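Following: one structure in structure tokens, then a few remarks.
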Amino acid sequence: MGFSIPIYRGDEAVPEMVRYCRENDLDRFLLVSDENTHAALGARAEAALKAQGWDVRTVVLAGEEVIADEEHVVQVLLAAGREERMYVAVGSGTITDITRFCSHRTRNDFISLPTAPSVDGYTSIGAPLVVRRVKTTALAQPATAIFANLPTLCAAPREMIAAGFGDILGKYTSAADWRLGALLWDEPYDAKIARRMLDALQACVDDVAEIARASEAGITLLMEGLFETGLCMLDFGQTRPASGSEHHLSHFWETKLLQEHRPAILHGAKVGIGTVFVAARYEIVRSLSHEVIARRLTRVNPPGREAEIACIRQVYGALADAVVETQRPFLEMTAADFEALKRRIVDNWDGVQEIAASVPPAQEIAGLLEQVGGATTPQQLGLSAEEAQAALNHGHYLRARFTVAKLGHLMGLW
Ligand SMILES: [Zn+2]
């Protein structure tokens, strides 16, 4: 279908936004930012809208750590009246998600003014929210227009730029996992969308030096990549193209940090490291010849429904029921289904290897992350070696998708 959202990129995002509002007869606004993003761009946007004589309400989100949770959603809703207002999100992923959700639920639209190239969610429809310290994704709406102010984006903290690049690098493994799911588990696949996403990724990798310098050219490319992958998800109607086992590792860590009341880690930083780990899994797949896999799979038995559920209960505690439900397609596999899957894997092993070969080696991905100043080990993010291993072992339970992690788990490859 092809979603199209007007996206401005350049040095004049605020005047361009004002022009857009005038052309669309908008004159009532609710602007959402936090202390940092208000200083970076929010105050300027607010002043420009007020200078037109328009009715502008402003919420500068407060709190030690701004996350998209009940506390911050209510801060925005308290400022919202029942009248029609165009919401304006001035911030990165979190503020955009809060605004996406609040605007949608109050039957309004929103404009996005991104302040960091840190995440591919600007063009997304889903709002990841944290409710009672559990992450959930609420379906909402994409922005009606995006005004990307390049000087603001280039001046974003380095770790946020590195996180955006990490989220982009994750497409190496998410795209491979997506193909794997189509090949071995009949998941819906769209080669055109996959191509668009990989082209956007390649453009960023080719110019990694510019991204590392945070030059306007580099940050433009990174933003283009993030917008494009968001649009790919919109066009496909779900996150499958851009979210594979690297994202499941990230979700696993995020869940753990939330439950233990530890500070959050940037989404893309976790995804970047997840990508390094998953790339290493693909290296293992690549090293297994057709002959070896055929021999090994004759000895493999299904993991066993009761053992799987016991493991999920132990790892996921209060969330276990929901996780078990998610895993139903795998848990309900009969012995015959499992044998058929084994056969299918052996019969398609050349295809599996070709997919594995599309993922660069883990070392190369770590090198790219390093170039932009991103973390390359979980320890650099404050995650222990045990937590890294636990995510590798159990992250795949979080989604009903067939990924390299699922392949390895079901077939005992590691
Ligand atoms: Zn992501």
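Starting from 1 in every chain, residues are counted up; chains themselves are A, B, ... following the order of the structure tokens, and ligands are numbered from 1 as listed.
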Protein and nucleic acid residues within 10 Å of ligand 1 (only C-alpha atoms and all ligand atoms) as a count of residues only: 31
Picked from region 116-221 of chain A by DSSP as alpha helix (DSSP H), as an NGL selection string: :A and (150-154 or 158-185 or 191-206 or 208-213 or 216-221)
Residues near Gly181 (chain A), cut-off 8 Å, only C-alpha atoms, skip fewer than 6 positions along chain, as a ChimeraX atom specification: /A:187,401-403
Nearby residues (only C-alpha atoms) at most 6 Å from Pro114 (chain A), same-chain spacing under 2 positions excluded, as a list in words: Val90, Gly91, Ser92, Ser112, Ala116 and Ala148 of chain A
Take the residues that were just selected and, keeping C-alpha atoms, output them as a PDB file, in the first residue's frame.
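Dumped to again.pdb:
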ATOM      1  CA  VAL A  90       9.215  17.355  20.876  1.00  0.00           C
ATOM      2  CA  GLY A  91      11.569  14.563  21.810  1.00  0.00           C
ATOM      3  CA  SER A  92      12.863  11.126  20.940  1.00  0.00           C
ATOM      4  CA  SER A 112       6.562  14.983  15.546  1.00  0.00           C
ATOM      5  CA  ALA A 116      17.577  12.606  18.415  1.00  0.00           C
ATOM      6  CA  ALA A 148      13.328  16.967  11.520  1.00  0.00           C
TER       7      ALA A 148
END
Exercise: Glu325 (chain A) partners within 12 Å, only C-alpha atoms, chain neighbours under 4 positions left out, as a VMD selection string: chain A and resid 309 312 to 313 319 to 321 329 to 332 397 to 400
Write out the residues from the selection above, keeping N, CA and C atoms, as an mmCIF file, in the first residue's frame.
data_model
loop_
_atom_site.group_PDB
_atom_site.id
_atom_site.type_symbol
_atom_site.label_atom_id
_atom_site.label_comp_id
_atom_site.auth_asym_id
_atom_site.auth_seq_id
_atom_site.Cartn_x
_atom_site.Cartn_y
_atom_site.Cartn_z
ATOM 1 N N ILE A 309 7.199 -25.230 29.612
ATOM 2 C CA ILE A 309 6.345 -24.380 30.459
ATOM 3 C C ILE A 309 7.011 -24.148 31.810
ATOM 4 N N ILE A 312 9.612 -21.509 31.335
ATOM 5 C CA ILE A 312 9.004 -20.177 31.179
ATOM 6 C C ILE A 312 8.550 -19.651 32.545
ATOM 7 N N ARG A 313 7.950 -20.522 33.343
ATOM 8 C CA ARG A 313 7.474 -20.087 34.666
ATOM 9 C C ARG A 313 8.633 -19.624 35.539
ATOM 10 N N LEU A 319 4.861 -12.880 34.633
ATOM 11 C CA LEU A 319 4.492 -12.707 33.215
ATOM 12 C C LEU A 319 4.295 -14.038 32.504
ATOM 13 N N ALA A 320 4.527 -15.140 33.228
ATOM 14 C CA ALA A 320 4.617 -16.449 32.577
ATOM 15 C C ALA A 320 3.353 -16.832 31.796
ATOM 16 N N ASP A 321 2.178 -16.545 32.356
ATOM 17 C CA ASP A 321 0.943 -16.948 31.661
ATOM 18 C C ASP A 321 0.879 -16.345 30.264
ATOM 19 N N PRO A 329 1.826 -21.807 19.578
ATOM 20 C CA PRO A 329 2.088 -22.531 18.313
ATOM 21 C C PRO A 329 3.264 -23.500 18.416
ATOM 22 N N PHE A 330 4.253 -23.174 19.233
ATOM 23 C CA PHE A 330 5.403 -24.059 19.373
ATOM 24 C C PHE A 330 5.116 -25.158 20.403
ATOM 25 N N LEU A 331 4.431 -24.778 21.466
ATOM 26 C CA LEU A 331 4.151 -25.755 22.528
ATOM 27 C C LEU A 331 3.195 -26.841 22.052
ATOM 28 N N GLU A 332 2.356 -26.482 21.100
ATOM 29 C CA GLU A 332 1.345 -27.451 20.660
ATOM 30 C C GLU A 332 1.797 -28.330 19.499
ATOM 31 N N TYR A 397 11.303 -16.747 23.856
ATOM 32 C CA TYR A 397 9.954 -17.068 24.347
ATOM 33 C C TYR A 397 9.017 -15.858 24.284
ATOM 34 N N LEU A 398 9.591 -14.659 24.116
ATOM 35 C CA LEU A 398 8.761 -13.452 24.217
ATOM 36 C C LEU A 398 7.836 -13.231 23.026
ATOM 37 N N ARG A 399 8.165 -13.823 21.883
ATOM 38 C CA ARG A 399 7.323 -13.617 20.700
ATOM 39 C C ARG A 399 7.060 -14.954 20.009
ATOM 40 N N ALA A 400 5.975 -15.009 19.246
ATOM 41 C CA ALA A 400 5.622 -16.256 18.557
ATOM 42 C C ALA A 400 6.303 -16.341 17.195
#
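For the residues A:Arg196, A:Arg179, A:Arg328, A:His290, ranking by smallest atom-to-atom distance to Arg240 (chain A) using only C-alpha atoms places A:Arg179 first.
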Counting only C-alpha atoms, which residues of region 185-284 of chain A fall within 10 Å of region 1-23 of chain A, and what is the closest atom pair for each with its distance in Å at one decimal, ordered by chain and rising number, as JSON lines?
{"residue": "A:Ile193", "atom": "CA", "partner": "A:Gly2", "partner_atom": "CA", "distance": 10.0}
{"residue": "A:Glu216", "atom": "CA", "partner": "A:Gly10", "partner_atom": "CA", "distance": 9.0}
{"residue": "A:Thr220", "atom": "CA", "partner": "A:Arg9", "partner_atom": "CA", "distance": 7.7}
{"residue": "A:Met223", "atom": "CA", "partner": "A:Arg9", "partner_atom": "CA", "distance": 9.0}
{"residue": "A:Glu224", "atom": "CA", "partner": "A:Arg9", "partner_atom": "CA", "distance": 9.3}
{"residue": "A:Phe227", "atom": "CA", "partner": "A:Ile7", "partner_atom": "CA", "distance": 9.0}
{"residue": "A:Leu231", "atom": "CA", "partner": "A:Phe3", "partner_atom": "CA", "distance": 6.7}
{"residue": "A:Cys232", "atom": "CA", "partner": "A:Gly2", "partner_atom": "CA", "distance": 8.4}
{"residue": "A:Met233", "atom": "CA", "partner": "A:Phe3", "partner_atom": "CA", "distance": 10.0}
{"residue": "A:Leu234", "atom": "CA", "partner": "A:Phe3", "partner_atom": "CA", "distance": 6.9}
{"residue": "A:Asp235", "atom": "CA", "partner": "A:Gly2", "partner_atom": "CA", "distance": 5.5}
{"residue": "A:Phe236", "atom": "CA", "partner": "A:Met1", "partner_atom": "CA", "distance": 8.6}
{"residue": "A:Gly237", "atom": "CA", "partner": "A:Met1", "partner_atom": "CA", "distance": 10.0}
The selected residues should be written to file as a tab-separated table (two decimals), in the first residue's frame (atoms: all heavy atoms).
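Heads up, here's the output in selection.tsv:
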chain	number	residue	atom	x	y	z
A	193	ILE	N	9.57	-5.06	0.63
A	193	ILE	CA	9.76	-4.33	1.89
A	193	ILE	C	11.12	-4.69	2.50
A	193	ILE	O	11.86	-3.82	2.99
A	193	ILE	CB	8.60	-4.62	2.87
A	193	ILE	CG1	7.34	-3.92	2.36
A	193	ILE	CG2	8.93	-4.19	4.29
A	193	ILE	CD1	6.11	-4.10	3.23
A	216	GLU	N	25.95	16.67	9.14
A	216	GLU	CA	24.56	16.76	8.64
A	216	GLU	C	24.29	15.66	7.64
A	216	GLU	O	23.20	15.07	7.62
A	216	GLU	CB	24.30	18.14	8.03
A	216	GLU	CG	24.19	19.23	9.07
A	216	GLU	CD	23.16	20.32	8.74
A	216	GLU	OE1	22.61	20.31	7.63
A	216	GLU	OE2	22.90	21.16	9.63
A	220	THR	N	21.52	12.89	8.41
A	220	THR	CA	20.40	12.80	7.45
A	220	THR	C	20.20	11.35	7.02
A	220	THR	O	19.08	10.84	7.02
A	220	THR	CB	20.69	13.68	6.20
A	220	THR	OG1	20.87	15.02	6.65
A	220	THR	CG2	19.55	13.63	5.20
A	223	MET	N	18.69	9.33	9.87
A	223	MET	CA	17.25	9.62	10.03
A	223	MET	C	16.46	8.99	8.90
A	223	MET	O	15.38	8.43	9.12
A	223	MET	CB	17.00	11.14	10.05
A	223	MET	CG	17.28	11.83	11.36
A	223	MET	SD	16.51	11.10	12.83
A	223	MET	CE	14.87	11.77	12.81
A	224	GLU	N	16.99	9.07	7.68
A	224	GLU	CA	16.30	8.45	6.54
A	224	GLU	C	16.11	6.96	6.80
A	224	GLU	O	15.06	6.38	6.55
A	224	GLU	CB	17.09	8.61	5.24
A	224	GLU	CG	17.19	10.03	4.71
A	224	GLU	CD	15.84	10.68	4.49
A	224	GLU	OE1	14.89	9.97	4.13
A	224	GLU	OE2	15.74	11.90	4.69
A	227	PHE	N	13.46	6.49	9.49
A	227	PHE	CA	12.12	6.75	8.94
A	227	PHE	C	11.69	5.58	8.05
A	227	PHE	O	10.57	5.10	8.13
A	227	PHE	CB	12.11	8.03	8.11
A	227	PHE	CG	12.21	9.30	8.91
A	227	PHE	CD1	12.87	10.41	8.40
A	227	PHE	CD2	11.63	9.40	10.18
A	227	PHE	CE1	12.96	11.60	9.13
A	227	PHE	CE2	11.72	10.59	10.91
A	227	PHE	CZ	12.39	11.69	10.38
A	231	LEU	N	8.54	3.11	8.25
A	231	LEU	CA	7.53	3.04	7.19
A	231	LEU	C	7.37	1.61	6.67
A	231	LEU	O	6.26	1.19	6.31
A	231	LEU	CB	7.90	3.98	6.03
A	231	LEU	CG	7.76	5.48	6.36
A	231	LEU	CD1	8.39	6.34	5.26
A	231	LEU	CD2	6.29	5.88	6.55
A	232	CYS	N	8.47	0.87	6.64
A	232	CYS	CA	8.39	-0.55	6.22
A	232	CYS	C	7.45	-1.32	7.15
A	232	CYS	O	6.64	-2.14	6.71
A	232	CYS	CB	9.77	-1.19	6.23
A	232	CYS	SG	10.80	-0.68	4.84
A	233	MET	N	7.57	-1.04	8.44
A	233	MET	CA	6.70	-1.73	9.41
A	233	MET	C	5.25	-1.30	9.22
A	233	MET	O	4.33	-2.11	9.29
A	233	MET	CB	7.16	-1.45	10.84
A	233	MET	CG	8.47	-2.12	11.18
A	233	MET	SD	8.91	-1.98	12.93
A	233	MET	CE	9.80	-0.44	12.95
A	234	LEU	N	5.06	0.01	8.96
A	234	LEU	CA	3.70	0.50	8.72
A	234	LEU	C	3.10	-0.18	7.50
A	234	LEU	O	1.96	-0.64	7.51
A	234	LEU	CB	3.73	2.01	8.42
A	234	LEU	CG	3.51	3.01	9.52
A	234	LEU	CD1	3.35	4.39	8.93
A	234	LEU	CD2	2.28	2.67	10.36
A	235	ASP	N	3.90	-0.25	6.42
A	235	ASP	CA	3.40	-0.84	5.17
A	235	ASP	C	3.12	-2.32	5.32
A	235	ASP	O	2.19	-2.86	4.71
A	235	ASP	CB	4.42	-0.61	4.04
A	235	ASP	CG	4.45	0.84	3.60
A	235	ASP	OD1	3.49	1.57	3.94
A	235	ASP	OD2	5.41	1.26	2.94
A	236	PHE	N	3.94	-3.00	6.15
A	236	PHE	CA	3.72	-4.43	6.31
A	236	PHE	C	2.61	-4.72	7.32
A	236	PHE	O	2.04	-5.80	7.35
A	236	PHE	CB	5.02	-5.12	6.75
A	236	PHE	CG	4.93	-6.61	6.71
A	236	PHE	CD1	4.73	-7.27	5.51
A	236	PHE	CD2	5.02	-7.37	7.87
A	236	PHE	CE1	4.62	-8.66	5.46
A	236	PHE	CE2	4.90	-8.76	7.83
A	236	PHE	CZ	4.70	-9.39	6.63
A	237	GLY	N	2.31	-3.72	8.15
A	237	GLY	CA	1.21	-3.89	9.11
A	237	GLY	C	1.61	-4.54	10.41
A	237	GLY	O	0.78	-4.79	11.27
d(CA of Leu113 (chain A), CA of Ala45 (chain A)) in Å: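 Between CA of Leu113 (chain A) and CA of Ala45 (chain A) the gap works out to 9.0 Å.
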Near-region 182-185 of chain A list (7 Å; only C-alpha atoms; drop same-chain fewer than 4 positions) as a ChimeraX atom specification: /A:178,189,344-345,402
Using only C-alpha atoms: which of A:Thr106, A:Thr37, A:Gln52, A:Gln238 has the shortest distance to Pro157 (chain A):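 For Pro157 (chain A), the nearest of the candidates is A:Thr37.
Residues lying within 6 Å of Leu249 (chain A), counting only C-alpha atoms and ignoring same-chain neighbours fewer than 5 positions away, are Gly274, Ala391 and Gly395 of chain A.
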Proximity to Gly374 (chain A) - best of A:Glu260, A:Asp186, A:Glu159, A:Asp109, only C-alpha atoms: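 For Gly374 (chain A), the nearest of the given residues is A:Glu159.
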One-decimal distance in Å that lies between CA of Ile98 (chain A) and CA of Asp27 (chain A):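 CA of Ile98 (chain A) lies at a distance of 21.6 Å from CA of Asp27 (chain A).
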